[in-house]
$ cat model_3.cif   # mmCIF, C-alpha atoms
data_start
#
loop_
_atom_site.label_atom_id
_atom_site.label_comp_id
_atom_site.auth_asym_id
_atom_site.auth_seq_id
_atom_site.Cartn_x
_atom_site.Cartn_y
_atom_site.Cartn_z
CA MET K 29 59.97 12.73 -30.17
CA GLN K 30 59.32 15.03 -27.23
CA HIS K 31 57.00 17.16 -29.36
CA THR K 32 55.01 14.07 -30.37
CA SER K 33 54.63 13.01 -26.72
CA ILE K 34 53.29 16.41 -25.75
CA LYS K 35 50.70 16.30 -28.56
CA LEU K 36 49.66 12.78 -27.54
CA PHE K 37 49.27 13.83 -23.91
CA ALA K 38 47.17 16.85 -24.95
CA TRP K 39 44.84 14.68 -27.04
CA LEU K 40 44.37 12.23 -24.14
CA ALA K 41 43.59 15.07 -21.74
CA LEU K 42 40.99 16.45 -24.14
CA LEU K 43 39.39 13.02 -24.53
CA VAL K 44 39.13 12.56 -20.76
CA ALA K 45 37.53 16.00 -20.39
CA VAL K 46 34.93 15.29 -23.10
CA VAL K 47 34.01 11.93 -21.54
CA GLY K 48 33.73 13.51 -18.10
CA ILE K 49 31.43 16.27 -19.30
CA ALA K 50 29.23 13.75 -21.14
CA TRP K 51 28.94 11.54 -18.06
CA TYR K 52 28.01 14.53 -15.88
CA GLN K 53 25.24 15.50 -18.30
CA ILE K 54 23.84 11.96 -18.24
CA VAL K 55 23.78 11.89 -14.44
CA LEU K 56 22.22 15.35 -14.31
CA THR K 57 19.49 14.26 -16.74
CA LEU K 58 18.64 11.14 -14.75
CA HIS K 59 18.50 12.95 -11.42
CA PRO K 60 18.76 16.74 -11.71
CA ILE K 61 19.89 18.79 -8.76
CA GLY K 62 16.93 19.75 -6.62
CA ALA K 63 14.61 17.17 -8.21
CA PRO K 64 11.91 16.18 -5.74
CA ASN K 65 12.54 12.83 -4.10
CA PRO K 66 9.31 11.27 -2.82
CA LEU K 67 11.19 9.03 -0.43
CA ASN K 68 13.63 11.62 0.87
CA ILE K 69 16.22 8.85 0.58
CA HIS K 70 19.52 9.30 -1.21
CA PRO K 71 19.92 6.83 -4.11
CA SER K 72 23.10 5.53 -2.50
CA SER K 73 21.33 4.68 0.77
CA PRO K 74 21.70 1.02 1.78
CA LEU K 75 18.79 -1.15 0.74
CA PRO K 76 16.26 -2.04 3.44
CA SER K 77 15.98 -5.75 4.13
CA SER K 78 12.77 -7.74 4.31
CA SER K 79 14.25 -9.31 7.42
CA ALA K 80 14.68 -5.87 9.01
CA THR K 81 14.89 -6.01 12.78
CA TRP K 82 11.62 -5.27 14.53
CA GLU K 83 13.04 -4.49 17.92
CA THR K 84 11.85 -1.03 18.83
CA GLN K 85 14.66 1.50 19.07
CA GLN K 86 14.78 5.17 20.00
CA ARG K 87 15.41 6.86 16.67
CA GLU K 88 14.60 10.00 14.79
CA PRO K 89 11.43 9.75 12.67
CA ARG K 90 12.22 8.82 9.09
CA GLN K 91 10.29 10.27 6.17
CA THR K 92 10.08 7.19 3.95
CA GLN K 93 6.97 8.18 2.07
CA ILE K 94 5.88 11.69 1.15
CA ASP K 95 6.68 15.21 2.20
CA PHE K 96 3.26 16.87 2.29
CA GLY K 97 4.75 20.33 1.71
CA ASP K 98 3.67 22.63 -1.08
CA THR K 99 6.62 21.52 -3.20
CA ASN K 100 4.70 18.36 -4.00
CA ILE K 101 1.91 20.13 -5.87
CA VAL K 102 3.60 22.99 -7.69
CA SER K 103 4.37 21.17 -10.93
CA ALA K 104 2.10 21.99 -13.82
CA GLU K 105 2.35 18.43 -15.12
CA ARG K 106 3.06 16.17 -12.16
CA GLY K 107 1.76 16.37 -8.63
CA GLU K 108 -1.11 18.56 -9.79
CA MET K 109 -4.47 18.20 -8.04
CA LEU K 110 -7.35 17.74 -10.43
CA THR K 111 -10.68 19.49 -10.03
CA PRO K 112 -13.83 17.34 -10.34
CA GLU K 113 -14.42 18.78 -13.81
CA GLU K 114 -10.92 17.80 -14.95
CA MET K 115 -11.01 14.32 -13.46
CA PRO K 116 -10.99 11.53 -16.06
CA THR K 117 -13.46 8.71 -15.51
CA LEU K 118 -12.60 5.07 -15.09
CA GLY K 119 -13.77 4.49 -18.63
CA THR K 120 -10.21 5.07 -19.82
CA PRO K 121 -9.23 2.23 -22.21
CA ASN K 122 -7.70 -0.73 -20.41
CA ARG K 123 -4.38 -1.51 -22.04
CA ASN K 124 -4.35 -4.88 -20.26
CA ARG K 125 -7.60 -5.91 -21.90
CA SER K 126 -5.83 -7.86 -24.65
CA HIS K 127 -5.02 -10.40 -21.95
CA ALA K 128 -8.25 -11.74 -20.48
CA PRO K 129 -7.85 -12.79 -16.83
CA GLU K 130 -7.93 -16.48 -17.72
CA THR K 131 -5.30 -16.09 -20.44
CA ARG K 132 -2.84 -13.81 -18.66
CA PRO K 133 0.58 -15.34 -18.02
CA THR K 134 1.19 -16.97 -14.65
CA ILE K 135 4.43 -16.97 -12.73
CA ALA K 136 7.22 -18.85 -14.50
CA GLU K 137 9.22 -19.83 -11.42
CA ARG K 138 7.08 -19.80 -8.28
CA PHE K 139 10.06 -20.66 -6.07
CA ARG K 140 11.57 -17.24 -6.86
CA LEU K 141 8.50 -15.54 -5.43
CA ASP K 142 8.37 -17.90 -2.45
CA ASP K 143 11.94 -16.91 -1.56
CA ILE K 144 10.88 -13.30 -0.99
CA ALA K 145 7.21 -13.86 -0.09
CA PRO K 146 7.06 -16.63 2.54
CA MET K 147 3.63 -17.85 3.64
CA LYS K 148 2.33 -19.16 6.97
CA ALA K 149 0.05 -22.20 7.14
CA LEU K 150 -2.76 -21.63 9.65
CA PRO K 151 -4.90 -24.48 10.99
CA GLY K 152 -8.26 -22.72 10.78
CA GLY K 153 -10.98 -23.56 13.27
CA THR K 154 -13.61 -21.58 15.18
CA PHE K 155 -13.09 -18.03 16.44
CA ARG K 156 -15.11 -15.01 17.55
CA MET K 157 -15.32 -12.38 14.80
CA GLY K 158 -16.38 -8.77 15.26
CA SER K 159 -16.88 -6.56 18.32
CA ASP K 160 -19.85 -5.68 20.51
CA THR K 161 -18.07 -2.68 22.05
CA ALA K 162 -16.80 -0.88 18.93
CA PRO K 163 -18.62 2.38 18.10
CA GLU K 164 -18.99 1.32 14.46
CA LYS K 165 -22.14 -0.71 13.84
CA ASP K 166 -20.60 -2.63 10.96
CA GLN K 167 -18.41 -4.55 13.45
CA ARG K 168 -21.43 -5.92 15.32
CA PRO K 169 -22.43 -8.42 16.52
CA VAL K 170 -19.67 -10.73 17.70
CA HIS K 171 -20.36 -14.06 15.99
CA GLN K 172 -18.80 -17.50 15.66
CA VAL K 173 -16.99 -18.31 12.40
CA ARG K 174 -15.44 -21.61 11.32
CA LEU K 175 -12.56 -21.57 8.83
CA ALA K 176 -10.85 -24.32 6.90
CA PRO K 177 -7.01 -24.40 7.01
CA PHE K 178 -5.35 -21.83 4.75
CA LYS K 179 -2.06 -20.11 4.05
CA ILE K 180 -1.40 -16.37 4.22
CA ASP K 181 1.58 -14.16 3.37
CA ILE K 182 3.82 -13.35 6.32
CA TYR K 183 4.39 -9.85 4.91
CA PRO K 184 2.26 -7.51 2.79
CA VAL K 185 3.15 -7.66 -0.89
CA THR K 186 6.20 -5.45 -1.43
CA ASN K 187 7.40 -3.37 -4.37
CA ARG K 188 10.04 -6.07 -4.89
CA GLN K 189 7.35 -8.70 -5.44
CA PHE K 190 5.17 -6.42 -7.55
CA GLN K 191 8.17 -5.51 -9.71
CA MET K 192 8.69 -9.22 -10.45
CA PHE K 193 5.03 -9.46 -11.52
CA VAL K 194 5.23 -6.41 -13.78
CA ARG K 195 8.47 -7.52 -15.43
CA GLU K 196 6.97 -10.90 -16.34
CA THR K 197 3.53 -9.69 -17.47
CA HIS K 198 4.04 -6.03 -18.52
CA TYR K 199 0.92 -5.27 -16.50
CA GLU K 200 -0.16 -1.66 -16.08
CA THR K 201 -1.99 -0.69 -12.91
CA THR K 202 -5.21 1.30 -12.80
CA ALA K 203 -3.31 4.39 -11.63
CA GLU K 204 -0.79 4.12 -14.48
CA ARG K 205 -3.57 3.86 -17.06
CA LEU K 206 -5.60 6.72 -15.60
CA GLY K 207 -2.60 8.94 -14.89
CA TRP K 208 -3.56 9.65 -11.26
CA SER K 209 -4.18 8.10 -7.86
CA PHE K 210 -5.35 9.35 -4.45
CA VAL K 211 -2.85 10.93 -2.03
CA PHE K 212 -3.73 12.42 1.34
CA TYR K 213 -2.87 16.11 1.55
CA SER K 214 -2.70 16.95 5.24
CA GLN K 215 -2.68 20.73 4.84
CA ARG K 216 -6.17 20.52 3.39
CA ASN K 217 -7.30 17.47 5.38
CA ALA K 218 -8.43 15.90 2.11
CA TRP K 219 -7.68 13.13 -0.33
CA VAL K 220 -6.64 14.58 -3.67
CA ARG K 221 -6.27 13.05 -7.10
CA MET K 222 -2.54 13.36 -7.67
CA VAL K 223 -1.39 13.35 -11.28
CA GLY K 224 1.47 10.95 -11.93
CA ALA K 225 1.08 9.00 -8.68
CA HIS K 226 1.36 5.22 -9.05
CA TRP K 227 3.14 2.30 -7.41
CA ARG K 228 6.60 3.29 -8.67
CA ASN K 229 6.07 6.99 -8.01
CA PRO K 230 4.05 7.23 -4.77
CA SER K 231 3.82 11.02 -4.54
CA GLY K 232 3.41 11.79 -8.24
CA THR K 233 6.22 14.35 -8.11
CA ASN K 234 9.33 12.50 -9.29
CA PRO K 235 9.48 11.51 -12.99
CA TYR K 236 12.90 9.93 -12.37
CA THR K 237 11.62 7.08 -10.19
CA GLU K 238 11.85 4.10 -12.51
CA LEU K 239 12.50 0.43 -11.87
CA GLY K 240 16.28 0.71 -11.94
CA SER K 241 16.71 4.03 -10.15
CA GLY K 242 18.23 4.51 -6.74
CA ALA K 243 14.91 5.79 -5.39
CA MET K 244 13.12 2.65 -6.55
CA LEU K 245 15.81 0.43 -5.05
CA ALA K 246 15.24 2.12 -1.70
CA MET K 247 11.52 1.36 -2.05
CA LEU K 248 11.77 -2.34 -2.80
CA ASP K 249 10.97 -3.54 0.72
CA LEU K 250 8.17 -1.06 1.30
CA PRO K 251 4.65 -2.45 0.83
CA VAL K 252 3.28 -1.73 -2.64
CA VAL K 253 0.60 0.99 -2.69
CA HIS K 254 -1.50 2.76 -5.31
CA VAL K 255 -2.89 -0.61 -6.35
CA SER K 256 -6.63 -1.07 -6.88
CA TRP K 257 -8.53 -4.22 -5.91
CA ASP K 258 -8.39 -5.18 -9.59
CA ASP K 259 -4.59 -4.79 -9.58
CA ALA K 260 -4.31 -6.95 -6.46
CA GLN K 261 -6.47 -9.62 -8.11
CA ALA K 262 -4.25 -9.58 -11.20
CA PHE K 263 -1.14 -10.12 -9.05
CA CYS K 264 -2.82 -12.99 -7.20
CA ARG K 265 -3.80 -14.76 -10.41
CA TRP K 266 -0.24 -14.46 -11.69
CA ALA K 267 1.18 -15.80 -8.41
CA GLY K 268 -1.29 -18.69 -8.17
CA LYS K 269 -2.74 -17.21 -4.99
CA ARG K 270 -5.84 -15.23 -4.00
CA LEU K 271 -6.87 -12.40 -1.69
CA PRO K 272 -7.81 -13.53 1.82
CA THR K 273 -11.43 -13.37 2.88
CA GLU K 274 -12.27 -10.83 5.55
CA ALA K 275 -12.81 -13.65 8.05
CA GLU K 276 -9.44 -15.20 7.24
CA TRP K 277 -7.78 -11.82 7.62
CA GLU K 278 -9.25 -11.17 11.08
CA TYR K 279 -8.48 -14.71 12.24
CA ALA K 280 -4.85 -14.31 11.11
CA ALA K 281 -4.52 -10.82 12.61
CA LYS K 282 -5.69 -11.94 16.05
CA GLY K 283 -2.93 -14.52 16.17
CA GLY K 284 -4.92 -16.90 18.35
CA LEU K 285 -5.69 -14.26 21.00
CA LEU K 286 -9.30 -14.23 22.16
CA ASP K 287 -10.99 -10.89 21.46
CA ALA K 288 -7.62 -9.11 21.18
CA LEU K 289 -8.07 -5.39 20.58
CA TYR K 290 -4.83 -5.17 18.57
CA PRO K 291 -2.82 -7.86 16.77
CA TRP K 292 -0.27 -7.77 19.60
CA GLY K 293 -2.69 -7.62 22.57
CA ASN K 294 -4.98 -5.16 24.35
CA GLN K 295 -2.53 -2.31 25.00
CA ARG K 296 -1.38 0.09 22.31
CA MET K 297 2.10 0.23 23.85
CA ALA K 298 4.14 -1.81 26.31
CA ASP K 299 7.29 -0.64 28.09
CA GLY K 300 7.30 2.46 25.90
CA LYS K 301 7.51 0.40 22.69
CA TYR K 302 5.37 0.69 19.57
CA PHE K 303 4.19 -2.45 17.82
CA ALA K 304 2.98 -0.99 14.54
CA ASN K 305 3.39 1.93 12.16
CA TYR K 306 0.46 4.29 12.68
CA TRP K 307 -0.20 8.00 13.27
CA GLN K 308 0.94 9.34 16.66
CA GLY K 309 -0.81 12.56 17.58
CA ARG K 310 -4.09 14.11 16.57
CA PHE K 311 -4.90 13.36 12.96
CA PRO K 312 -4.43 15.26 10.68
CA ASP K 313 -2.90 18.20 12.56
CA GLU K 314 0.18 16.59 14.08
CA ASN K 315 2.16 13.40 13.62
CA THR K 316 5.02 13.11 16.06
CA GLY K 317 6.53 10.09 14.31
CA ALA K 318 7.26 8.57 17.71
CA ASP K 319 7.19 5.06 16.22
CA GLY K 320 10.14 6.00 14.01
CA PHE K 321 8.27 6.56 10.75
CA LEU K 322 6.31 9.46 9.26
CA GLY K 323 5.22 7.43 6.26
CA LEU K 324 5.49 3.84 5.07
CA ALA K 325 7.87 1.50 6.89
CA PRO K 326 9.79 -1.41 5.32
CA VAL K 327 7.91 -4.63 6.00
CA GLY K 328 9.11 -6.41 9.13
CA SER K 329 10.04 -3.21 10.97
CA PHE K 330 7.80 -4.05 13.93
CA PRO K 331 7.16 -7.24 15.93
CA PRO K 332 5.06 -10.04 14.40
CA ASN K 333 1.90 -11.26 16.06
CA ARG K 334 1.70 -14.70 17.65
CA TYR K 335 1.19 -16.36 14.27
CA GLY K 336 4.42 -14.78 13.02
CA LEU K 337 2.67 -12.32 10.71
CA PHE K 338 4.03 -8.80 10.23
CA ASP K 339 2.18 -5.53 9.64
CA VAL K 340 -1.34 -6.88 10.22
CA GLY K 341 -1.83 -3.64 12.14
CA GLY K 342 -0.79 -0.31 10.60
CA ASN K 343 1.55 0.51 7.69
CA VAL K 344 -1.01 -0.15 4.90
CA TRP K 345 -4.65 -1.08 4.69
CA GLU K 346 -5.00 -4.43 2.92
CA TRP K 347 -7.56 -5.48 0.32
CA CYS K 348 -9.69 -8.52 1.11
CA GLY K 349 -11.60 -10.54 -1.46
CA ASP K 350 -15.03 -9.73 0.01
CA ARG K 351 -17.55 -7.21 -1.11
CA TYR K 352 -18.44 -4.80 1.69
CA GLY K 353 -21.79 -4.82 3.46
CA ALA K 354 -22.31 -2.75 6.61
CA ASN K 355 -24.81 -5.23 8.03
CA TYR K 356 -23.19 -8.42 6.72
CA TYR K 357 -22.36 -9.70 10.21
CA GLN K 358 -26.08 -9.90 10.94
CA PHE K 359 -26.78 -12.49 8.26
CA GLY K 360 -23.40 -13.89 7.13
CA THR K 361 -22.73 -17.62 7.04
CA VAL K 362 -20.84 -19.43 9.78
CA ASP K 363 -18.62 -21.68 7.68
CA ASN K 364 -15.93 -19.94 5.60
CA PRO K 365 -17.87 -16.69 5.00
CA ALA K 366 -16.78 -14.86 1.86
CA GLY K 367 -18.79 -11.65 2.08
CA PRO K 368 -22.15 -10.57 0.66
CA SER K 369 -23.26 -11.38 -2.87
CA ALA K 370 -23.19 -8.83 -5.67
CA GLU K 371 -26.82 -7.99 -4.94
CA GLU K 372 -26.26 -7.68 -1.18
CA GLY K 373 -22.97 -5.78 -1.30
CA GLU K 374 -22.78 -2.00 -1.29
CA THR K 375 -21.69 0.24 -4.14
CA VAL K 376 -20.24 3.71 -4.17
CA ALA K 377 -23.70 5.21 -4.77
CA ILE K 378 -25.22 3.44 -1.77
CA ALA K 379 -22.31 4.62 0.36
CA ARG K 380 -23.20 8.20 -0.59
CA ARG K 381 -20.42 8.32 -3.17
CA THR K 382 -17.70 9.00 -0.65
CA LEU K 383 -14.23 7.74 0.14
CA ARG K 384 -13.50 7.05 3.78
CA LYS K 385 -15.47 5.77 6.71
CA GLU K 386 -14.54 7.53 9.95
CA LEU K 387 -16.33 7.41 13.29
CA GLY K 388 -19.24 5.56 11.71
CA GLN K 389 -19.80 8.13 8.96
CA TYR K 390 -18.68 8.33 5.36
CA VAL K 391 -16.60 11.41 4.64
CA GLY K 392 -14.63 12.71 1.67
CA GLU K 393 -15.08 13.68 -1.93
CA THR K 394 -17.49 12.34 -4.50
CA MET K 395 -15.93 10.32 -7.30
CA GLY K 396 -17.89 11.09 -10.45
CA GLY K 397 -17.81 8.36 -13.07
CA VAL K 398 -17.67 5.39 -10.67
CA ASP K 399 -21.07 5.56 -8.98
CA THR K 400 -21.83 1.87 -9.49
CA ALA K 401 -18.41 0.53 -8.46
CA ALA K 402 -18.50 -2.21 -5.83
CA LEU K 403 -17.07 -1.44 -2.40
CA ARG K 404 -14.46 -3.98 -1.28
CA VAL K 405 -13.31 -4.61 2.27
CA ILE K 406 -9.96 -3.26 3.47
CA ARG K 407 -8.43 -4.24 6.80
CA GLY K 408 -5.58 -3.38 9.16
CA GLY K 409 -5.28 0.40 9.12
CA SER K 410 -2.25 2.31 7.87
CA PHE K 411 0.41 4.85 8.75
CA LEU K 412 -2.40 7.43 8.50
CA SER K 413 -4.59 5.69 11.12
CA ALA K 414 -4.93 7.45 14.47
CA GLU K 415 -6.86 6.97 17.69
CA ASN K 416 -9.02 10.01 16.97
CA SER K 417 -9.96 8.74 13.50
CA ASP K 418 -11.23 5.20 14.02
CA ALA K 419 -7.89 3.49 14.87
CA GLY K 420 -8.11 1.23 11.84
CA TYR K 421 -5.25 -0.94 13.13
CA ARG K 422 -7.63 -2.65 15.60
CA THR K 423 -8.22 -6.32 14.77
CA THR K 424 -11.96 -5.84 14.23
CA ALA K 425 -11.89 -2.45 12.44
CA ARG K 426 -13.45 -2.59 8.98
CA GLY K 427 -12.87 -0.27 6.06
CA SER K 428 -14.07 -0.18 2.48
CA GLN K 429 -12.91 1.31 -0.80
CA PRO K 430 -14.27 1.36 -4.35
CA GLN K 431 -12.88 -1.61 -6.24
CA PRO K 432 -11.38 0.35 -9.17
CA LEU K 433 -9.60 3.11 -7.22
CA SER K 434 -6.14 3.22 -5.65
CA PHE K 435 -4.70 5.05 -2.68
CA GLN K 436 -1.37 5.98 -1.15
CA ASP K 437 -1.97 3.80 1.93
CA VAL K 438 -3.75 0.72 0.55
CA GLY K 439 -1.88 -2.48 -0.37
CA PHE K 440 -2.58 -6.18 0.10
CA ARG K 441 -1.27 -9.60 1.07
CA CYS K 442 -2.14 -12.95 -0.51
CA ALA K 443 -3.64 -16.20 0.74
CA GLU K 444 -3.95 -19.76 -0.52
#
$ encode --input "model_3.cif" --output "structure tokens"
Amino acid sequence: MQHTSIKLFAWLALLVAVVGIAWYQIVLTLHPIGAPNPLNIHPSSPLPSSSATWETQQREPRQTQIDFGDTNIVSAERGEMLTPEEMPTLGTPNRNRSHAPETRPTIAERFRLDDIAPMKALPGGTFRMGSDTAPEKDQRPVHQVRLAPFKIDIYPVTNRQFQMFVRETHYETTAERLGWSFVFYSQRNAWVRMVGAHWRNPSGTNPYTELGSGAMLAMLDLPVVHVSWDDAQAFCRWAGKRLPTEAEWEYAAKGGLLDALYPWGNQRMADGKYFANYWQGRFPDENTGADGFLGLAPVGSFPPNRYGLFDVGGNVWEWCGDRYGANYYQFGTVDNPAGPSAEEGETVAIARRTLRKELGQYVGETMGGVDTAALRVIRGGSFLSAENSDAGYRTTARGSQPQPLSFQDVGFRCAE
């Protein structure tokens, strides 16, 4: 009997050892030791909340987006910067094409989205749009605009919301279909086409960031990025919403303040507190992270404006529905302007085939293969916006991006 018990105990011990080794191999495969983590957040970190406190606190800067070190571009397959000759064009087959926009599925249970994406009803009315003092000519002149009542998202669209959209529709973003998206590489002061970068994998360096992973869970309340204007439109159609017009966006951002320089007032800081997530220091040489973030911040991390809207300054640029026209303010309509027509709007070719507008000039790389793409308005600035590079988080600052491209610091919010 004693001999039998010893044999039984030995077999049980062996079984436990085998199971343990198998489990360790599974964990190691899913997240190998030393694997790059684009968020620099441990998978077991507590989830950020969309109702995160916005009261400014003295805290160490948190790297919630991308480490721009060389480790992010050493992989031969992921995180590799493409040369212009290697860059695929936007003619890559669209795997969403089987679902025409009018036949794509719409949200099954809108109340589920409303629970995590509350909207604010604004009364509309007349306000002063633009700036006569800004150095950029495209913000001139100040002009009267009348808007009908509308609703707008209180927060930018988050990864949590976009995940719901993807799970219901199986939609693939432009970046996922192309295999790359634009990431800013500070050591070269340039935007680079980063292989493998998309909304679930912001830096293009971590193949283990999937919908159920710890890294993705930590990202859920960050604003979604690496989404093109076309991707934002697809989300809006699914949600039964739309992108705000540029006029609606500026009206909402000002929060009822007359000619406010920033969404929170005319001073960048008050009592030593920051009111938005933007670049502190001289861009691109130094970012002190004094606002508490070196990259993206969870939505709701800073105070709302007087309309109760969060992140209308900094964090991410936001797509608007309008085409971009540098001189549109000189001839735009007064009532509910929606941007220039297709003939009046600018394209990438007219904008000298470049990416970013800084200090009144277009700068950046050419984008072969998309010369005729429409430029769409972006508003609000981002965590990469600085005082020495146009301070895009000002209420009147205008930006533009090619409709079919996606970037590490461009997201969106919806309107109705």
$ resolve_selection --input "model_3.cif" --expression "the PyMOL selection byres ((chain K and resi 442) around 6)" --output "PyMOL selection string"
chain K and resi 180-181+270-271+441+443
$ residues_around --input "model_3.cif" --residues "Ser369 in chain K" --least-positions-apart "4" --cutoff "12 Å" --atoms "all atoms listed in the file" --output "list in words"
Gly349, Asp350, Arg351, Tyr352, Gly353, Tyr356, Phe359, Gly360, Thr361, Pro365, Gly373, Glu374, Thr375, Ala402, Leu403 and Arg404 of chain K
$ closest_residue --input "model_3.cif" --among "K:Asp166, K:Thr423, K:Pro432, K:Val376" --to "Gly283 in chain K" --atoms "all atoms listed in the file"
K:Thr423
$ closest_residue --input "model_3.cif" --among "K:Thr424, K:Ser417, K:Thr186, K:Thr273" --to "Leu324 in chain K" --atoms "only C-alpha atoms"
K:Thr186
$ closest_residue --input "model_3.cif" --among "K:Val194, K:Ala218, K:Ile182, K:Ala225" --to "Trp266 in chain K" --atoms "all atoms listed in the file"
K:Val194
$ axis_aligned_box --input "model_3.cif" --around "range 219-222 of chain K" --padding-each-side "4 Å" --output "JSON"
{"center_x": -5.1, "center_y": 13.8, "center_z": -4.0, "size_x": 13.1, "size_y": 9.5, "size_z": 15.3}
$ resolve_selection --input "model_3.cif" --expression "the PyMOL selection byres ((chain K and resi 151) around 6)" --output "list in words"
Leu150, Gly152 and Pro177 of chain K
$ residues_around --input "model_3.cif" --residues "range 437-440 of chain K" --least-positions-apart "3" --cutoff "8 Å" --atoms "only C-alpha atoms" --output "list in words"
Pro184, Val185, Pro251, Val252, Val253, His254, Val255, Ala260, Leu271, Asn343, Val344, Trp345, Glu346, Trp347, Cys348, Ile406, Ser410, Phe411, Leu412 and Ser434 of chain K
$ atom_distance --input "model_3.cif" --atom1 "CA of Arg407 in chain K" --atom2 "CA of Ala419 in chain K"
11.2 Å
$ build_atoms --input "model_3.cif" --residues "range 305-316 of chain K" --atoms "N, CA and C atoms" --output "CSV table (one decimal), in the coordinates of the input"
chain,number,residue,atom,x,y,z
K,305,ASN,N,3.2,0.6,12.8
K,305,ASN,CA,3.4,1.9,12.2
K,305,ASN,C,2.0,2.6,11.9
K,306,TYR,N,1.7,3.6,12.8
K,306,TYR,CA,0.5,4.3,12.7
K,306,TYR,C,0.7,5.7,13.1
K,307,TRP,N,-0.3,6.6,13.0
K,307,TRP,CA,-0.2,8.0,13.3
K,307,TRP,C,-0.2,8.3,14.8
K,308,GLN,N,0.9,8.9,15.3
K,308,GLN,CA,0.9,9.3,16.7
K,308,GLN,C,0.6,10.8,16.7
K,309,GLY,N,-0.4,11.2,17.5
K,309,GLY,CA,-0.8,12.6,17.6
K,309,GLY,C,-2.2,12.7,17.1
K,310,ARG,N,-2.7,13.9,17.0
K,310,ARG,CA,-4.1,14.1,16.6
K,310,ARG,C,-4.1,14.3,15.1
K,311,PHE,N,-4.8,13.3,14.4
K,311,PHE,CA,-4.9,13.4,13.0
K,311,PHE,C,-5.9,14.4,12.5
K,312,PRO,N,-5.6,15.3,11.5
K,312,PRO,CA,-4.4,15.3,10.7
K,312,PRO,C,-3.5,16.4,11.0
K,313,ASP,N,-3.6,17.0,12.2
K,313,ASP,CA,-2.9,18.2,12.6
K,313,ASP,C,-1.4,17.9,12.9
K,314,GLU,N,-1.2,16.8,13.6
K,314,GLU,CA,0.2,16.6,14.1
K,314,GLU,C,0.5,15.1,14.1
K,315,ASN,N,1.6,14.8,13.5
K,315,ASN,CA,2.2,13.4,13.6
K,315,ASN,C,3.6,13.5,14.2
K,316,THR,N,3.7,13.0,15.4
K,316,THR,CA,5.0,13.1,16.1
K,316,THR,C,6.0,12.1,15.5
